[in-house]
Structures are given as C-alpha cells and as structure tokens.
>>> print(open('my_file-v6.txt').read())   # compact mmCIF, C-alpha atoms
# COMPACT_ATOMS: atom_id res chain seq x y z
CA MET A 1 95.39 -209.84 -103.97
CA ASP A 2 96.99 -207.01 -101.97
CA ILE A 3 94.31 -204.34 -101.48
CA ASP A 4 94.83 -200.99 -99.79
CA PRO A 5 92.12 -200.79 -97.09
CA ALA A 6 91.84 -197.02 -97.64
CA ILE A 7 91.16 -197.38 -101.37
CA LYS A 8 87.48 -196.53 -100.99
CA ILE A 9 88.25 -193.25 -99.21
CA ARG A 10 90.75 -192.37 -101.95
CA LEU A 11 88.18 -193.17 -104.66
CA VAL A 12 85.54 -191.00 -102.96
CA ASP A 13 88.10 -188.18 -102.70
CA ALA A 14 89.02 -188.57 -106.39
CA CYS A 15 85.34 -188.47 -107.38
CA ARG A 16 84.75 -185.38 -105.20
CA LYS A 17 87.67 -183.70 -106.99
CA TYR A 18 86.18 -184.69 -110.37
CA VAL A 19 82.80 -183.17 -109.41
CA ALA A 20 84.39 -180.00 -108.02
CA GLU A 21 86.41 -179.50 -111.21
CA LYS A 22 83.34 -180.09 -113.37
CA VAL A 23 81.27 -177.61 -111.35
CA GLU A 24 84.06 -175.00 -111.48
CA HIS A 25 84.44 -175.49 -115.25
CA LEU A 26 80.70 -175.00 -115.83
CA GLN A 27 80.52 -171.98 -113.53
CA GLN A 28 83.51 -170.38 -115.27
CA ALA A 29 81.99 -171.00 -118.70
CA ILE A 30 78.75 -169.35 -117.54
CA ARG A 31 80.66 -166.36 -116.14
CA ASP A 32 82.65 -166.02 -119.38
CA LEU A 33 79.49 -166.05 -121.50
CA GLN A 34 77.77 -163.53 -119.23
CA ASN A 35 80.79 -161.22 -119.38
CA ALA A 36 80.99 -161.51 -123.16
CA ALA A 37 77.29 -160.74 -123.52
CA ASN A 38 77.55 -157.75 -121.15
CA GLU A 39 80.61 -156.32 -122.93
CA GLU A 40 79.14 -156.52 -126.40
CA THR A 41 78.17 -153.06 -127.51
CA LYS A 42 75.15 -152.35 -129.60
CA SER A 43 76.19 -151.61 -133.14
CA SER A 44 74.27 -150.02 -135.93
CA ALA A 45 73.28 -153.55 -136.93
CA GLY A 46 70.89 -153.98 -133.98
CA ASP A 47 69.69 -157.40 -135.09
CA LYS A 48 73.24 -158.77 -134.99
CA TYR A 49 73.65 -157.50 -131.41
CA GLU A 50 70.35 -159.02 -130.30
CA THR A 51 71.09 -162.33 -132.03
CA GLY A 52 74.49 -162.56 -130.34
CA ARG A 53 73.01 -161.87 -126.92
CA ALA A 54 70.21 -164.39 -127.50
CA MET A 55 72.67 -167.08 -128.54
CA ALA A 56 74.81 -166.38 -125.48
CA GLN A 57 71.72 -166.63 -123.27
CA LEU A 58 70.77 -169.99 -124.80
CA GLU A 59 74.28 -171.32 -124.16
CA ILE A 60 74.14 -170.05 -120.56
CA GLU A 61 70.83 -171.86 -120.09
CA LYS A 62 72.32 -175.13 -121.44
CA LEU A 63 75.32 -174.82 -119.14
CA THR A 64 73.07 -174.04 -116.19
CA VAL A 65 71.09 -177.23 -116.84
CA GLN A 66 74.36 -179.20 -116.92
CA LEU A 67 75.42 -177.54 -113.67
CA HIS A 68 72.14 -178.47 -111.97
CA LYS A 69 72.58 -182.08 -113.12
CA THR A 70 76.12 -182.13 -111.69
CA LEU A 71 75.25 -180.85 -108.21
CA PRO A 72 73.38 -184.04 -107.11
CA LEU A 73 76.63 -185.97 -107.61
CA HIS A 74 77.79 -184.50 -104.29
CA GLN A 75 74.74 -186.05 -102.62
CA ALA A 76 75.46 -189.43 -104.20
CA LEU A 77 79.01 -189.33 -102.86
CA ASP A 78 77.74 -188.34 -99.40
CA LYS A 79 75.72 -191.59 -99.37
CA VAL A 80 78.83 -193.72 -99.91
CA GLU A 81 79.73 -195.46 -96.68
CA THR A 82 83.46 -195.56 -96.05
CA ARG A 83 83.36 -198.05 -93.22
CA LEU A 84 83.46 -201.77 -93.94
CA LYS A 85 80.25 -203.79 -93.98
CA VAL A 86 78.85 -206.84 -95.82
CA ASP A 87 80.49 -207.82 -99.11
CA VAL A 88 77.34 -207.63 -101.28
CA ILE A 89 77.80 -205.16 -104.13
CA ASP A 90 75.71 -202.00 -103.91
CA HIS A 91 76.09 -198.21 -104.03
CA GLY A 92 79.57 -197.31 -102.80
CA SER A 93 81.16 -200.69 -103.48
CA VAL A 94 84.66 -201.06 -104.86
CA VAL A 95 84.55 -204.15 -107.07
CA PHE A 96 87.56 -206.05 -108.40
CA THR A 97 86.78 -208.34 -111.34
CA ASP A 98 88.89 -210.22 -113.83
CA GLY A 99 87.63 -207.67 -116.39
CA GLY A 100 88.48 -204.47 -114.50
CA ASN A 101 87.93 -202.59 -111.28
CA TYR A 102 84.76 -200.61 -110.58
CA PHE A 103 83.70 -197.98 -108.08
CA ILE A 104 79.91 -197.84 -107.94
CA ALA A 105 79.05 -194.30 -106.93
CA ILE A 106 78.87 -191.71 -109.70
CA SER A 107 79.64 -191.67 -113.39
CA ALA A 108 83.12 -190.09 -113.48
CA GLY A 109 84.97 -192.20 -116.03
CA VAL A 110 88.31 -193.76 -115.21
CA ILE A 111 89.77 -192.80 -111.83
CA ILE A 112 93.39 -193.70 -111.09
CA VAL A 113 94.32 -194.34 -107.47
CA ASN A 114 97.65 -195.85 -106.39
CA ASN A 115 98.46 -196.45 -110.08
CA ASP A 116 95.40 -198.69 -110.47
CA SER A 117 92.46 -197.84 -112.75
CA TYR A 118 88.86 -197.91 -111.57
CA PHE A 119 85.77 -197.27 -113.66
CA ALA A 120 83.62 -194.90 -111.60
CA VAL A 121 80.03 -195.70 -112.60
CA GLY A 122 76.63 -194.63 -111.35
CA ILE A 123 74.37 -197.10 -109.55
CA ASN A 124 72.09 -197.27 -112.62
CA ALA A 125 74.87 -197.93 -115.13
CA PRO A 126 74.43 -201.27 -116.93
CA ILE A 127 77.57 -202.78 -115.33
CA ALA A 128 76.46 -201.62 -111.87
CA LEU A 129 73.04 -203.17 -112.38
CA ALA A 130 74.68 -206.44 -113.43
CA LEU A 131 76.98 -206.44 -110.39
CA ARG A 132 74.46 -205.25 -107.81
CA GLY A 133 73.68 -207.89 -105.18
CA LYS A 134 76.63 -210.08 -106.16
CA LYS A 135 79.55 -210.93 -103.88
CA THR A 136 83.11 -212.21 -104.02
CA GLY A 137 83.30 -215.38 -106.10
CA ASP A 138 80.15 -214.74 -108.13
CA VAL A 139 80.22 -214.71 -111.92
CA VAL A 140 78.31 -212.01 -113.78
CA ASP A 141 77.19 -212.11 -117.41
CA PHE A 142 77.77 -208.70 -118.96
CA ASN A 143 77.98 -207.79 -122.66
CA LYS A 144 78.23 -211.45 -123.62
CA LYS A 145 81.24 -211.88 -121.29
CA LYS A 146 81.57 -213.55 -117.95
CA LEU A 147 83.15 -211.48 -115.19
CA LEU A 148 84.46 -213.09 -112.03
CA VAL A 149 84.03 -210.92 -108.93
CA LYS A 150 87.44 -211.34 -107.28
CA ASN A 151 86.91 -209.02 -104.33
CA VAL A 152 84.50 -206.41 -102.95
CA ILE A 153 85.14 -203.56 -100.57
CA ASN A 154 82.15 -201.92 -98.93
>>> encode(input="my_file-v6.txt", output="structure tokens")
Amino acid sequence: MDIDPAIKIRLVDACRKYVAEKVEHLQQAIRDLQNAANEETKSSAGDKYETGRAMAQLEIEKLTVQLHKTLPLHQALDKVETRLKVDVIDHGSVVFTDGGNYFIAISAGVIIVNNDSYFAVGINAPIALALRGKKTGDVVDFNKKKLLVKNVIN
C-alpha cells in the first residue's frame, strides 16, 4: 500500500477548512438575520412586526448555539499530533481498513485528499470507539461486519 506520509497533515488542513467554512456560514446567517430584523419597519399591524422580530431572534439564538458547538472543533484539531508515533489507533489516527479509510479527529463527513476518500469522525463516533486501541492487522467487529485494519498513521 503506497501511503503519502503527509496525508495526516493534509487531512487536518482539510478539516480546518471544513470548520472555517462552517463557522463563516453560521456567522453570515446570523448577520443576515440581524440585518433583516433591523431593516423591518413597524407597520400598522404591530403584532406582525413583533412576531417577525421574535422569530428572527429565535433563529439567531439557534444559529448561535450551533456556532458555539462548532468552535471546539478547532481545539480538537489542535490536539491532533502530526508527527509519527506508535501505531495504536486513537485521536488523530488515519486508519486504512478494507471497509474504508478513517480520520479520527472531528465529525466532518467525507474528506477527499489526493483523490482518496476518508471518513472524518469524532473520537466518540461508534466506528472510532470500535477502532480505538487497535493496530495494523487487527480485525474489528462493527455493524455486524468485520473490518481489517490494513494500516495506521499516527
């Protein structure tokens, strides 16, 4: 198996980009809602005006909660070591199995690096929990399937 030794750095960079885009999207949505609420003029139907502003405020609060949940993803990525160490799977591991490739850091969906797909999953994701502590050559039972760990980069 020909593995790019810099793959982990590229995966961390791709996840950082994912987080930055998500944060920017949420911040822009909050700004747009605030602007819309501020620009709305009070009409003769005062209740309609107040209802619209209240609904906008509720949506802003929901987006703000999402934003606060997204910010710790930066901290999780900061904890990922990009220098090589033991081959036991843990936070920050790049795992190659016969059922797919995984990057155990944050939940970011499928990340494509060098035309290869990696499932970016958080350390508490079910697949990460199943893989944690395993090493190259181990077999993991997951979702009634056996996965062979073909390689690990830490």
>>> closest_atom_pairs(input="my_file-v6.txt", of="region 11-34 of chain A", to="region 117-122 of chain A", cutoff="10 Å", atoms="all atoms listed in the file", output="CSV")
residue,atom,partner,partner_atom,distance
A:Leu11,CA,A:Tyr118,CA,8.4
A:Val12,CA,A:Ala120,CA,9.7
A:Ala14,CA,A:Ala120,CA,9.8
A:Cys15,CA,A:Ala120,CA,7.9
>>> atom_distance(input="my_file-v6.txt", atom1="CA of Leu148 (chain A)", atom2="CA of Gly99 (chain A)")
7.6 Å
>>> closest_residue(input="my_file-v6.txt", among="A:Lys8, A:Lys146, A:His74, A:Arg53", to="Thr97 (chain A)", atoms="only C-alpha atoms")
A:Lys146
>>> atom_distance(input="my_file-v6.txt", atom1="CA of Glu59 (chain A)", atom2="CA of Ala76 (chain A)")
27.0 Å
>>> atom_distance(input="my_file-v6.txt", atom1="CA of Val80 (chain A)", atom2="CA of Ala130 (chain A)")
19.0 Å
>>> residues_around(input="my_file-v6.txt", residues="Ile104 (chain A)", least_positions_apart="6", cutoff="10 Å", atoms="all atoms listed in the file", output="NGL selection string")
:A and (77 or 80 or 89-95 or 118-125 or 127-129 or 131-132)
>>> closest_residue(input="my_file-v6.txt", among="A:Val110, A:Val152, A:Ile60, A:Leu73", to="Leu26 (chain A)", atoms="all atoms listed in the file")
A:Ile60
>>> closest_residue(input="my_file-v6.txt", among="A:Lys22, A:Arg31, A:Arg16, A:Arg10", to="Leu67 (chain A)", atoms="only C-alpha atoms")
A:Lys22
>>> closest_residue(input="my_file-v6.txt", among="A:Asn151, A:Gly52, A:Leu71, A:Gln57", to="Val139 (chain A)", atoms="only C-alpha atoms")
A:Asn151
